[in-house]
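Participant: My structure is in target.txt, and what it holds is compact mmCIF, C-alpha atoms:
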# COMPACT_ATOMS: atom_id res chain seq x y z
CA MET J 1 120.12 67.30 124.65
CA ASP J 2 118.76 67.47 128.22
CA SER J 3 115.00 67.60 128.41
CA PRO J 4 114.01 71.27 128.15
CA LYS J 5 113.20 72.92 131.47
CA LYS J 6 109.72 74.25 132.11
CA ILE J 7 109.19 77.99 131.87
CA ALA J 8 107.25 80.13 134.35
CA VAL J 9 104.70 82.35 132.59
CA ASN J 10 102.73 85.27 134.00
CA CYS J 11 99.82 86.67 132.03
CA GLU J 12 96.28 87.97 132.34
CA LEU J 13 93.71 85.28 131.62
CA ASN J 14 90.04 86.25 131.28
CA GLY J 15 90.75 89.45 133.17
CA LYS J 16 92.56 87.85 136.11
CA PRO J 17 96.29 87.39 136.76
CA ALA J 18 97.49 83.86 136.00
CA GLU J 19 100.83 82.17 136.66
CA PHE J 20 101.78 78.71 135.41
CA LEU J 21 104.62 76.45 134.27
CA VAL J 22 104.78 75.22 130.66
CA ALA J 23 107.12 73.02 128.67
CA PRO J 24 108.77 75.33 126.10
CA TYR J 25 107.34 73.35 123.17
CA GLN J 26 103.75 73.23 124.48
CA SER J 27 101.16 75.16 122.50
CA LEU J 28 98.91 77.72 124.14
CA LEU J 29 96.04 75.34 123.33
CA GLU J 30 97.66 72.50 125.28
CA THR J 31 98.54 74.94 128.04
CA LEU J 32 94.94 76.09 128.38
CA ARG J 33 93.43 72.61 128.26
CA GLU J 34 96.00 70.45 130.01
CA VAL J 35 97.88 72.79 132.35
CA LEU J 36 95.08 75.18 133.31
CA GLY J 37 92.08 72.85 132.89
CA LEU J 38 90.25 75.32 130.63
CA THR J 39 88.75 72.79 128.23
CA GLY J 40 86.23 75.18 126.65
CA THR J 41 88.81 75.91 123.94
CA LYS J 42 88.66 72.97 121.52
CA GLU J 43 91.27 71.16 119.50
CA GLY J 44 90.18 70.52 115.92
CA CYS J 45 92.93 70.23 113.33
CA ASN J 46 95.87 71.38 115.51
CA ASP J 47 97.49 73.03 112.48
CA GLY J 48 95.80 76.39 112.07
CA ASN J 49 93.09 75.54 109.57
CA CYS J 50 89.88 75.09 111.55
CA GLY J 51 89.78 77.87 114.17
CA ALA J 52 88.19 75.65 116.86
CA CYS J 53 90.98 76.74 119.24
CA THR J 54 90.48 80.48 118.65
CA VAL J 55 91.26 82.70 121.64
CA THR J 56 91.97 86.41 121.92
CA LEU J 57 95.61 87.39 122.49
CA ASN J 58 96.13 91.08 123.31
CA GLY J 59 92.81 91.85 121.64
CA ARG J 60 93.48 89.92 118.39
CA ILE J 61 92.02 86.53 117.58
CA VAL J 62 94.63 83.78 117.11
CA ASP J 63 94.65 80.02 116.67
CA SER J 64 95.95 78.92 120.08
CA CYS J 65 97.43 75.76 118.49
CA LEU J 66 99.86 78.04 116.60
CA VAL J 67 101.03 79.96 119.68
CA LEU J 68 103.44 78.58 122.27
CA GLY J 69 102.39 78.83 125.91
CA ALA J 70 105.80 80.35 126.56
CA GLU J 71 105.03 83.20 124.14
CA VAL J 72 102.22 84.72 126.24
CA GLU J 73 104.39 86.11 129.04
CA GLY J 74 102.90 89.51 129.93
CA ALA J 75 100.03 89.09 127.47
CA SER J 76 96.28 89.32 127.95
CA ILE J 77 94.29 86.25 126.87
CA ASP J 78 90.53 85.79 126.65
CA THR J 79 88.93 82.37 126.17
CA ILE J 80 85.34 81.16 125.90
CA GLU J 81 85.33 80.72 129.69
CA GLY J 82 85.49 84.51 130.04
CA MET J 83 82.52 85.23 127.80
CA ALA J 84 79.46 84.68 130.02
CA THR J 85 79.12 86.71 133.22
CA PRO J 86 77.46 85.72 136.52
CA ASP J 87 74.44 87.68 135.21
CA GLY J 88 74.01 85.40 132.19
CA LEU J 89 75.18 84.43 128.76
CA HIS J 90 76.87 86.84 126.38
CA PRO J 91 74.39 88.10 123.74
CA LEU J 92 76.20 86.05 121.09
CA GLN J 93 75.88 82.88 123.16
CA GLN J 94 72.17 83.58 123.62
CA SER J 95 71.75 84.26 119.93
CA PHE J 96 73.56 81.05 118.93
CA LEU J 97 71.06 79.12 121.10
CA GLU J 98 68.03 80.94 119.73
CA GLU J 99 69.11 80.60 116.10
CA ALA J 100 70.21 76.95 116.51
CA ALA J 101 73.65 77.97 115.26
CA LEU J 102 75.31 74.78 116.48
CA GLN J 103 74.91 71.06 116.24
CA CYS J 104 77.87 69.04 117.53
CA GLY J 105 79.29 72.16 119.19
CA ILE J 106 83.02 71.54 118.75
CA CYS J 107 83.49 74.63 116.59
CA THR J 108 81.19 76.84 118.69
CA PRO J 109 83.65 78.28 121.23
CA GLY J 110 85.94 79.34 118.38
CA PHE J 111 83.09 80.95 116.44
CA LEU J 112 81.89 82.80 119.55
CA VAL J 113 85.35 84.16 120.40
CA SER J 114 85.89 85.24 116.77
CA ALA J 115 82.43 86.83 116.43
CA LYS J 116 82.82 88.70 119.73
CA ALA J 117 86.12 90.19 118.53
CA LEU J 118 84.45 91.29 115.28
CA LEU J 119 81.47 92.99 116.94
CA GLU J 120 83.72 94.77 119.46
CA ARG J 121 85.73 96.15 116.56
CA GLU J 122 82.87 96.71 114.09
CA PRO J 123 79.41 96.81 115.73
CA HIS J 124 77.51 96.73 112.40
CA PRO J 125 79.34 94.48 109.94
CA SER J 126 77.73 93.48 106.63
CA GLU J 127 76.91 89.83 105.99
CA GLU J 128 79.88 89.68 103.61
CA ARG J 129 82.15 91.11 106.30
CA ILE J 130 80.90 88.57 108.87
CA ARG J 131 81.53 85.71 106.43
CA LEU J 132 85.02 86.99 105.65
CA TRP J 133 85.91 87.49 109.33
CA LEU J 134 84.69 83.98 110.20
CA ALA J 135 86.44 82.30 107.22
CA GLY J 136 89.11 81.02 109.61
CA ASN J 137 86.50 79.07 111.59
CA LEU J 138 85.21 75.85 110.08
CA CYS J 139 81.87 74.18 110.90
CA ARG J 140 80.99 70.78 109.42
CA CYS J 141 77.41 70.68 110.73
CA THR J 142 75.43 73.86 110.21
CA GLY J 143 76.30 74.98 106.70
CA TYR J 144 77.19 78.39 108.23
CA ASP J 145 73.93 80.22 107.46
CA LYS J 146 72.56 79.82 110.98
CA ILE J 147 75.86 81.03 112.45
CA ILE J 148 75.87 84.10 110.23
CA ARG J 149 72.22 84.83 111.15
CA ALA J 150 73.04 84.52 114.86
CA VAL J 151 75.86 87.05 114.54
CA GLU J 152 73.75 89.41 112.40
CA LYS J 153 71.00 89.31 115.02
CA VAL J 154 73.36 90.59 117.71
CA ALA J 155 74.81 93.17 115.33
CA ASN J 156 71.26 94.46 114.66
CA GLN J 157 70.71 94.81 118.43
CA ASN J 158 73.87 96.94 118.76
CA SER J 159 73.18 100.65 119.15
CA MET A 1 107.35 66.30 118.29
CA HIS A 2 110.99 66.60 119.34
CA PRO A 3 111.18 68.76 122.52
CA PHE A 4 112.85 72.14 122.09
CA ASN A 5 113.87 75.08 124.26
CA TYR A 6 112.24 78.49 123.89
CA ILE A 7 114.42 81.59 123.84
CA ALA A 8 112.81 85.03 123.77
CA ALA A 9 115.59 87.07 122.19
CA SER A 10 115.70 90.77 123.00
CA SER A 11 118.32 91.80 120.46
CA VAL A 12 119.73 90.94 117.04
CA ASP A 13 123.08 90.02 118.65
CA GLU A 14 121.39 87.57 121.02
CA THR A 15 119.50 85.97 118.10
CA LEU A 16 122.62 85.63 115.98
CA ALA A 17 124.62 84.18 118.91
CA VAL A 18 122.09 81.33 119.21
CA LEU A 19 122.13 80.69 115.45
CA ASP A 20 125.94 80.75 115.47
CA GLU A 21 126.10 78.23 118.31
CA LEU A 22 123.33 75.83 117.22
CA GLY A 23 123.31 76.21 113.43
CA PRO A 24 120.49 74.13 111.92
CA ARG A 25 119.46 72.89 115.41
CA ALA A 26 117.90 76.33 116.03
CA ARG A 27 115.13 78.11 114.13
CA ILE A 28 113.81 81.65 114.32
CA LEU A 29 110.18 82.03 115.43
CA ALA A 30 108.18 84.97 114.08
CA GLY A 31 104.44 84.27 113.74
CA GLY A 32 104.97 80.51 113.88
CA THR A 33 102.07 79.75 111.54
CA ASP A 34 104.33 77.66 109.29
CA LEU A 35 107.15 76.71 111.68
CA LEU A 36 105.02 75.21 114.48
CA VAL A 37 103.02 73.16 111.96
CA GLN A 38 106.24 71.85 110.39
CA LEU A 39 107.74 70.94 113.78
CA ARG A 40 104.56 69.18 114.82
CA GLY A 41 104.58 67.29 111.52
CA GLU A 42 108.21 66.28 112.23
CA ARG A 43 109.41 67.72 108.94
CA PHE A 44 112.69 68.39 110.81
CA GLU A 45 113.77 68.63 114.44
CA ILE A 46 115.43 71.40 116.38
CA ASP A 47 116.76 71.93 119.92
CA SER A 48 115.87 75.61 120.29
CA ILE A 49 113.38 78.08 118.93
CA VAL A 50 114.40 81.76 119.03
CA ASP A 51 111.43 84.12 119.26
CA ILE A 52 112.33 87.46 117.64
CA LYS A 53 109.02 89.24 118.23
CA GLN A 54 110.63 91.37 120.97
CA VAL A 55 113.68 92.28 118.86
CA PRO A 56 113.19 95.98 117.97
CA GLU A 57 114.53 95.67 114.39
CA ALA A 58 112.22 92.71 113.70
CA ARG A 59 109.19 94.69 114.96
CA ALA A 60 110.00 97.83 112.98
CA LEU A 61 107.37 99.12 110.57
CA HIS A 62 107.86 102.61 109.20
CA VAL A 63 107.76 104.64 106.02
CA GLY A 64 110.60 107.10 105.48
CA ASP A 65 112.86 107.19 102.40
CA SER A 66 111.54 103.64 101.91
CA LEU A 67 109.22 101.22 103.69
CA ILE A 68 110.94 99.03 106.29
CA ILE A 69 109.04 95.92 107.38
CA GLY A 70 110.72 94.08 110.25
CA SER A 71 110.83 90.36 109.64
CA ALA A 72 108.37 89.55 112.46
CA VAL A 73 105.71 92.20 111.72
CA PRO A 74 102.32 90.47 111.43
CA CYS A 75 100.10 90.98 108.36
CA TYR A 76 97.39 92.96 110.16
CA GLN A 77 99.83 95.70 111.18
CA ILE A 78 100.61 96.21 107.50
CA TYR A 79 97.06 96.39 106.17
CA GLU A 80 95.75 98.43 109.11
CA ASN A 81 98.39 101.13 108.46
CA SER A 82 96.63 103.61 106.15
CA GLU A 83 99.86 105.22 104.93
CA ILE A 84 101.24 101.83 103.82
CA ALA A 85 97.85 100.82 102.38
CA ASN A 86 97.88 103.89 100.11
CA LEU A 87 101.47 103.50 98.94
CA TYR A 88 101.77 99.72 98.52
CA PRO A 89 98.48 98.34 97.16
CA GLY A 90 99.96 95.07 95.88
CA LEU A 91 101.35 94.28 99.31
CA ILE A 92 98.00 95.06 100.93
CA ASP A 93 96.21 92.69 98.51
CA ALA A 94 98.42 89.87 99.81
CA ALA A 95 98.59 90.75 103.52
CA SER A 96 94.79 90.79 103.72
CA LEU A 97 94.27 87.39 102.06
CA ILE A 98 96.96 85.25 103.73
CA GLY A 99 95.06 82.70 105.86
CA GLY A 100 92.11 83.96 107.88
CA ILE A 101 91.94 86.73 110.47
CA GLN A 102 93.54 84.44 113.10
CA ILE A 103 96.54 83.75 110.85
CA GLN A 104 96.85 87.44 109.90
CA SER A 105 97.19 88.26 113.61
CA ARG A 106 100.43 86.27 113.71
CA ALA A 107 101.87 85.48 110.26
CA SER A 108 104.59 87.82 109.04
CA ILE A 109 105.59 88.73 105.48
CA GLY A 110 109.20 88.05 106.51
CA GLY A 111 108.29 84.55 107.63
CA ASN A 112 106.29 84.01 104.44
CA LEU A 113 109.44 84.91 102.49
CA CYS A 114 111.77 82.68 104.56
CA ASN A 115 109.35 79.74 104.30
CA ALA A 116 109.92 80.04 100.54
CA SER A 117 106.79 78.31 99.36
CA PRO A 118 106.32 78.54 95.58
CA SER A 119 102.72 79.57 96.30
CA ALA A 120 103.54 82.09 99.08
CA ASP A 121 101.07 84.96 98.73
CA GLY A 122 103.50 87.48 100.21
CA ILE A 123 106.38 87.04 97.79
CA CYS A 124 105.01 88.06 94.35
CA PRO A 125 103.84 91.43 95.69
CA LEU A 126 107.27 92.02 97.25
CA ILE A 127 108.90 91.27 93.90
CA VAL A 128 106.67 93.69 91.98
CA HIS A 129 107.25 96.37 94.62
CA SER A 130 111.04 95.88 94.03
CA ALA A 131 111.66 94.76 97.63
CA ILE A 132 115.12 94.05 99.04
CA ALA A 133 115.85 91.57 101.85
CA ASN A 134 118.15 92.87 104.61
CA ILE A 135 120.16 89.92 105.93
CA LYS A 136 122.45 89.86 108.96
CA SER A 137 125.07 87.41 110.26
CA PRO A 138 127.43 87.86 113.24
CA THR A 139 130.05 89.31 110.91
CA THR A 140 128.33 90.78 107.85
CA ASP A 141 125.28 92.62 106.58
CA ARG A 142 124.10 91.92 103.05
CA THR A 143 121.11 92.70 100.88
CA ILE A 144 119.51 90.65 98.12
CA PRO A 145 116.57 91.40 95.80
CA VAL A 146 113.55 89.40 96.95
CA GLU A 147 113.30 87.65 93.56
CA ASP A 148 116.71 86.05 94.27
CA PHE A 149 115.96 85.09 97.89
CA CYS A 150 114.15 81.77 97.34
CA THR A 151 116.23 78.96 95.85
CA GLY A 152 113.70 76.12 95.69
CA PRO A 153 110.52 74.86 97.35
CA GLY A 154 111.02 75.58 101.07
CA LYS A 155 114.63 76.67 100.47
CA ASN A 156 116.14 80.14 100.74
CA SER A 157 119.55 81.70 100.40
CA LEU A 158 120.11 82.25 104.16
CA GLN A 159 123.17 80.57 105.66
CA ASN A 160 122.79 78.79 109.00
CA ASN A 161 124.19 81.78 110.90
CA GLU A 162 122.15 84.41 109.05
CA MET A 163 118.76 85.96 109.77
CA LEU A 164 116.34 87.99 107.68
CA LEU A 165 116.26 91.25 109.62
CA SER A 166 113.81 93.25 107.53
CA ILE A 167 112.41 93.90 104.08
CA LYS A 168 113.01 97.27 102.44
CA ILE A 169 110.69 98.54 99.72
CA PRO A 170 111.44 101.76 97.82
CA LEU A 171 108.85 104.52 97.84
CA PRO A 172 106.70 104.16 94.71
CA SER A 173 106.99 106.98 92.19
CA LYS A 174 104.09 109.06 90.92
CA GLY A 175 101.91 107.07 88.54
CA PHE A 176 102.73 103.70 90.14
CA GLY A 177 100.10 101.02 90.63
CA ALA A 178 100.28 97.38 91.70
CA ALA A 179 97.94 94.46 92.32
CA TYR A 180 98.07 90.82 93.40
CA GLN A 181 95.52 88.08 92.72
CA ARG A 182 95.47 84.35 93.24
CA PHE A 183 93.08 81.59 92.21
CA ILE A 184 91.84 79.19 94.90
CA PRO A 185 88.88 76.79 94.85
CA ARG A 186 87.33 78.37 97.96
CA ASN A 187 86.71 82.05 98.65
CA GLU A 188 89.18 82.20 101.57
CA MET A 189 91.74 80.18 103.48
CA ASP A 190 93.36 78.13 100.73
CA ILE A 191 96.63 77.71 98.88
CA ALA A 192 97.00 79.35 95.47
CA ILE A 193 96.73 77.11 92.40
CA ALA A 194 98.40 80.02 90.62
CA SER A 195 98.88 83.69 91.44
CA VAL A 196 100.19 86.83 89.76
CA GLY A 197 101.43 90.18 90.98
CA SER A 198 101.77 93.12 88.59
CA ALA A 199 103.06 96.67 88.89
CA ILE A 200 103.18 99.40 86.26
CA THR A 201 104.09 103.06 86.19
CA VAL A 202 102.74 105.68 83.77
CA ASP A 203 103.83 109.32 83.59
CA THR A 204 100.46 110.76 82.58
CA ILE A 205 96.93 109.49 82.10
CA ASP A 206 97.58 108.64 78.42
CA SER A 207 101.35 108.07 78.34
CA ASN A 208 103.25 104.88 77.64
CA ILE A 209 104.29 102.50 80.42
CA THR A 210 107.62 103.61 81.91
CA HIS A 211 108.14 100.77 84.38
CA ALA A 212 106.62 97.31 84.85
CA ARG A 213 107.18 94.22 86.96
CA ILE A 214 105.24 90.96 86.84
CA ALA A 215 105.73 88.05 89.28
CA LEU A 216 104.20 84.58 89.10
CA GLY A 217 103.34 82.29 92.03
CA ALA A 218 102.80 78.50 92.25
CA VAL A 219 103.96 77.95 88.67
CA GLY A 220 107.61 77.07 89.33
CA PRO A 221 109.95 75.90 92.11
CA THR A 222 109.98 79.46 93.54
CA PRO A 223 107.91 82.59 92.96
CA ILE A 224 109.15 83.87 89.58
CA PHE A 225 110.09 87.39 88.51
CA ALA A 226 108.76 87.37 84.94
CA LYS A 227 111.41 89.59 83.40
CA LYS A 228 110.54 89.10 79.71
CA SER A 229 106.89 90.06 80.07
CA SER A 230 107.86 92.94 82.39
CA ASP A 231 110.40 94.33 79.91
CA PHE A 232 107.96 93.87 77.01
CA LEU A 233 105.56 96.36 78.61
CA ILE A 234 108.04 99.21 78.94
CA GLY A 235 107.43 101.89 76.30
CA LYS A 236 104.07 100.39 75.25
CA GLN A 237 100.63 101.94 75.56
CA PRO A 238 98.74 100.35 78.49
CA THR A 239 95.93 98.82 76.40
CA GLN A 240 94.07 95.55 76.89
CA HIS A 241 95.70 94.26 73.71
CA VAL A 242 99.17 94.97 75.07
CA PHE A 243 98.22 93.34 78.39
CA GLU A 244 97.07 90.24 76.46
CA GLU A 245 100.42 90.10 74.68
CA ALA A 246 102.30 90.50 77.97
CA ALA A 247 100.19 87.71 79.49
CA GLU A 248 101.17 85.36 76.64
CA ILE A 249 104.83 86.11 77.29
CA ALA A 250 104.30 85.52 81.04
CA VAL A 251 102.76 82.11 80.24
CA GLY A 252 106.06 81.24 78.55
CA GLU A 253 107.97 82.18 81.70
CA ALA A 254 105.98 79.76 83.91
CA SER A 255 106.98 76.12 84.38
CA PRO A 256 104.19 74.62 86.49
CA ILE A 257 103.96 71.08 87.80
CA GLY A 258 100.71 69.13 88.02
CA ASP A 259 99.58 68.11 91.48
CA MET A 260 96.39 67.62 93.50
CA ARG A 261 95.67 71.37 93.26
CA GLY A 262 95.82 71.72 89.50
CA THR A 263 97.19 70.59 86.16
CA PRO A 264 99.94 72.44 84.27
CA ALA A 265 97.39 73.48 81.61
CA GLN A 266 95.05 74.98 84.21
CA ARG A 267 97.92 76.83 85.87
CA LEU A 268 99.12 78.29 82.56
CA GLN A 269 95.59 79.48 81.75
CA LEU A 270 95.42 81.06 85.21
CA VAL A 271 98.71 82.89 84.57
CA ARG A 272 97.19 84.22 81.32
CA VAL A 273 93.99 85.44 83.00
CA LEU A 274 95.52 86.73 86.24
CA THR A 275 98.28 88.62 84.45
CA GLN A 276 95.69 90.54 82.38
CA ARG A 277 93.51 91.16 85.43
CA THR A 278 96.31 92.34 87.72
CA LEU A 279 97.76 94.59 85.01
CA THR A 280 94.31 96.12 84.53
CA ILE A 281 93.90 96.76 88.26
CA ALA A 282 97.48 98.04 88.55
CA LEU A 283 96.74 100.52 85.75
CA GLU A 284 93.55 101.75 87.43
CA ARG A 285 95.49 102.27 90.64
CA ALA A 286 98.34 103.96 88.77
CA LYS A 287 95.89 106.48 87.27
CA THR A 288 94.62 107.43 90.73
CA ASN A 289 98.22 108.06 91.76
CA LEU A 290 99.13 110.72 89.18
Please render this file's structure as structure tokens.
Facilitator:
Amino acid sequence: MDSPKKIAVNCELNGKPAEFLVAPYQSLLETLREVLGLTGTKEGCNDGNCGACTVTLNGRIVDSCLVLGAEVEGASIDTIEGMATPDGLHPLQQSFLEEAALQCGICTPGFLVSAKALLEREPHPSEERIRLWLAGNLCRCTGYDKIIRAVEKVANQNS
Amino acid sequence: MHPFNYIAASSVDETLAVLDELGPRARILAGGTDLLVQLRGERFEIDSIVDIKQVPEARALHVGDSLIIGSAVPCYQIYENSEIANLYPGLIDAASLIGGIQIQSRASIGGNLCNASPSADGICPLIVHSAIANIKSPTTDRTIPVEDFCTGPGKNSLQNNEMLLSIKIPLPSKGFGAAYQRFIPRNEMDIAIASVGSAITVDTIDSNITHARIALGAVGPTPIFAKKSSDFLIGKQPTQHVFEEAAEIAVGEASPIGDMRGTPAQRLQLVRVLTQRTLTIALERAKTNL
């Protein structure tokens, strides 16, 4: 077989139009990191277990290692790079700092993207609900309690 | 990983034409949560991947005379649909515990069926809801009960030029209830050591059981329709004692292997416990549906 031709993809990335070329077998994770230089999204397991590569695709959180770059034609994607604004950190980012909800930091972008999607959908989730929602994100440093507290703190600030 | 082409199919005919031309060198992509992992692990190699998420029939999800679930419909669309959630409780149990939220955004019940894992969470509930697989090739349409779809671990009855188009589930009758439970070492995000789906129908609050189906996961080469224990229940009073007897019969219908997840003895004990528990929940749900 001839080497597969690259595919042109148009999508919305962190609220702005984006256009790029991807190999048809490249994951969205590779596309973000290696084609677009957005290295905030992390590679952990690369098989859908750890959630370090979590991004939002059309409003739903997905593991970007389990999506092909070619699949996002016409889609809207949000990554960790779109979370802070020029005015400052997102409340979740601030809360993670204040609650020491990270150590090595590899899992943090995934947790932040997942938690943001939860609070946008459900502003006042219970602790159990937060733990269930974040079950697809693994952290080997914190033991999770600090992460849960950081998310609860922002939820308690929500009107 | 062997490089492959990506084809975004827009119709069933286009999908089938690729399968007809490339045979086993092409694979259908729905959610990709199994397929992309397998390709990356070089379990097999292909030249083209055919994405069916834009094929209207594969995206279909509607309740009419029966429930139609297109083969690429992701789990979250099933459990966020309140009409489906009310009618098909066993299916909802499974759709909301497959993987984590990220996986549920992508993974489809159709893909779960085609992947044919003995421990697939989606398949036992389909069996107890009496689901039928709608299969299409360039020349023929055929249907097959879901319990006959899987033929071995990772193997299904699809020919190289066939695709699973959708899953059809009959409307449950009055007094129907179903439930699915699995046992995993963690609370979330793990593969079942054993799992059981149960469905029963009662005519009135104190009548005998008129219909029952039990299915067992991860205790055989495929998910198992436990016909003997299902038939045993019909005509009996839905008591805990009867459920215990049915569970013993279900244990006899399981043939588990021992592996890193569990021993045969543990799996048989789980079948015993989970059969009683899912029958109990199915009965509670049946009583709210009279």
Participant: Considering all atoms listed in the file, extract the chain J residues located within 6 Å of chain A and return them as a ChimeraX atom specification.
Facilitator: /J:4,24-25,47,61-63,66,135-136
Participant: Mind checking which residues fall within 10 Å of Leu171 in chain A, counting all atoms listed in the file, ignoring those fewer than 5 positions away in the same chain, and posting them as a compact mmCIF listing (two decimals) with C-alpha atoms, in the coordinates of the input?
Facilitator:
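Full text of part24.txt as output:
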# COMPACT_ATOMS: atom_id res chain seq x y z
CA VAL A 63 107.76 104.64 106.02
CA GLY A 64 110.60 107.10 105.48
CA ASP A 65 112.86 107.19 102.40
CA SER A 66 111.54 103.64 101.91
CA LEU A 67 109.22 101.22 103.69
CA LEU A 87 101.47 103.50 98.94
CA TYR A 88 101.77 99.72 98.52
CA HIS A 129 107.25 96.37 94.62
CA SER A 130 111.04 95.88 94.03
CA PHE A 176 102.73 103.70 90.14
Participant: Applying 7 Å and all atoms listed in the file, which residues near Gly48 in chain J remain after dropping the ones on its own chain fewer than 2 positions away? List them as a list in words.
Facilitator: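 Close residues of Gly48 in chain J: Cys45, Asn46, Cys50, Gly51, Asp63, Cys65 and Leu66 of chain J.
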Participant: Looking at J:Leu57, J:Ala155, J:Ala18, J:Ile106, which one is nearest to Glu71 in chain J, with distances taken over all atoms listed in the file?
Facilitator: J:Leu57
Participant: So how far away is CA of Leu112 in chain J from CA of Thr79 in chain J, in Å?
Facilitator: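 Here the two named atoms are 9.7 Å from each other.
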Participant: Looking at A:Ser166, A:Asn161, A:Thr151, A:Ser11, which one is nearest to Ala131 in chain A, with distances taken over all atoms listed in the file?
Facilitator: A:Ser166
Participant: Just checking: using all atoms listed in the file, which residue out of A:Asp231, A:Asp259, A:Glu248, A:Asp121 ends up closest to Ile109 in chain A?
Facilitator: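 Closest candidate: A:Asp121.
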Participant: Which residues, written as a PDB file with C-alpha atoms, in the frame of the given file, have at least one atom at most 12 Å from range 14-17 of chain J, with all atoms listed in the file counted and residues fewer than 5 positions away on the same chain left out?
Facilitator:
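Saved to result.pdb:
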ATOM      1  CA  VAL J   9     104.700  82.350 132.590  1.00  0.00           C
ATOM      2  CA  LEU J  32      94.940  76.090 128.380  1.00  0.00           C
ATOM      3  CA  LEU J  38      90.250  75.320 130.630  1.00  0.00           C
ATOM      4  CA  VAL J  55      91.260  82.700 121.640  1.00  0.00           C
ATOM      5  CA  THR J  56      91.970  86.410 121.920  1.00  0.00           C
ATOM      6  CA  LEU J  57      95.610  87.390 122.490  1.00  0.00           C
ATOM      7  CA  ASN J  58      96.130  91.080 123.310  1.00  0.00           C
ATOM      8  CA  GLY J  59      92.810  91.850 121.640  1.00  0.00           C
ATOM      9  CA  GLU J  73     104.390  86.110 129.040  1.00  0.00           C
ATOM     10  CA  GLY J  74     102.900  89.510 129.930  1.00  0.00           C
ATOM     11  CA  ALA J  75     100.030  89.090 127.470  1.00  0.00           C
ATOM     12  CA  SER J  76      96.280  89.320 127.950  1.00  0.00           C
ATOM     13  CA  ILE J  77      94.290  86.250 126.870  1.00  0.00           C
ATOM     14  CA  ASP J  78      90.530  85.790 126.650  1.00  0.00           C
ATOM     15  CA  THR J  79      88.930  82.370 126.170  1.00  0.00           C
ATOM     16  CA  ILE J  80      85.340  81.160 125.900  1.00  0.00           C
ATOM     17  CA  GLU J  81      85.330  80.720 129.690  1.00  0.00           C
ATOM     18  CA  GLY J  82      85.490  84.510 130.040  1.00  0.00           C
ATOM     19  CA  MET J  83      82.520  85.230 127.800  1.00  0.00           C
ATOM     20  CA  ALA J  84      79.460  84.680 130.020  1.00  0.00           C
ATOM     21  CA  THR J  85      79.120  86.710 133.220  1.00  0.00           C
TER      22      THR J  85
END
Participant: To one decimal in Å, tell me the separation between CA of Lys5 in chain J and CA of Leu22 in chain A.
Facilitator: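 Between these atoms lies a distance of 17.7 Å.
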Participant: Which protein, DNA or RNA residues have an atom at most 7 Å from (107.3, 71.7, 131.0), counting only C-alpha atoms? List them as a ChimeraX atom specification.
Facilitator: /J:5-7,21-24
Participant: So which residues are close to (100.9, 99.7, 88.3), meaning at most 9 Å away in the file's coordinates with all atoms listed in the file counted, and can you show them as a JSON list (two decimals) with C-alpha atoms, in the coordinates of the input?
Facilitator:
[["chain", "number", "residue", "atom", "x", "y", "z"],
["A", 90, "GLY", "CA", 99.96, 95.07, 95.88],
["A", 175, "GLY", "CA", 101.91, 107.07, 88.54],
["A", 176, "PHE", "CA", 102.73, 103.70, 90.14],
["A", 177, "GLY", "CA", 100.10, 101.02, 90.63],
["A", 178, "ALA", "CA", 100.28, 97.38, 91.70],
["A", 179, "ALA", "CA", 97.94, 94.46, 92.32],
["A", 198, "SER", "CA", 101.77, 93.12, 88.59],
["A", 199, "ALA", "CA", 103.06, 96.67, 88.89],
["A", 200, "ILE", "CA", 103.18, 99.40, 86.26],
["A", 201, "THR", "CA", 104.09, 103.06, 86.19],
["A", 202, "VAL", "CA", 102.74, 105.68, 83.77],
["A", 211, "HIS", "CA", 108.14, 100.77, 84.38],
["A", 212, "ALA", "CA", 106.62, 97.31, 84.85],
["A", 213, "ARG", "CA", 107.18, 94.22, 86.96],
["A", 278, "THR", "CA", 96.31, 92.34, 87.72],
["A", 279, "LEU", "CA", 97.76, 94.59, 85.01],
["A", 280, "THR", "CA", 94.31, 96.12, 84.53],
["A", 281, "ILE", "CA", 93.90, 96.76, 88.26],
["A", 282, "ALA", "CA", 97.48, 98.04, 88.55],
["A", 283, "LEU", "CA", 96.74, 100.52, 85.75],
["A", 284, "GLU", "CA", 93.55, 101.75, 87.43],
["A", 285, "ARG", "CA", 95.49, 102.27, 90.64],
["A", 286, "ALA", "CA", 98.34, 103.96, 88.77],
["A", 287, "LYS", "CA", 95.89, 106.48, 87.27]]
Participant: What's around Ala101 in chain J at 10 Å? Count all atoms listed in the file, leave out sequence neighbours fewer than 3 positions away in its own chain, and write the answer as a compact mmCIF listing (two decimals) with C-alpha atoms, in the coordinates of the input.
Facilitator:
# COMPACT_ATOMS: atom_id res chain seq x y z
CA GLN J 93 75.88 82.88 123.16
CA SER J 95 71.75 84.26 119.93
CA PHE J 96 73.56 81.05 118.93
CA LEU J 97 71.06 79.12 121.10
CA GLU J 98 68.03 80.94 119.73
CA GLY J 105 79.29 72.16 119.19
CA THR J 108 81.19 76.84 118.69
CA PHE J 111 83.09 80.95 116.44
CA CYS J 141 77.41 70.68 110.73
CA THR J 142 75.43 73.86 110.21
CA GLY J 143 76.30 74.98 106.70
CA TYR J 144 77.19 78.39 108.23
CA ASP J 145 73.93 80.22 107.46
CA LYS J 146 72.56 79.82 110.98
CA ILE J 147 75.86 81.03 112.45
CA ILE J 148 75.87 84.10 110.23
CA ARG J 149 72.22 84.83 111.15
CA ALA J 150 73.04 84.52 114.86
CA VAL J 151 75.86 87.05 114.54
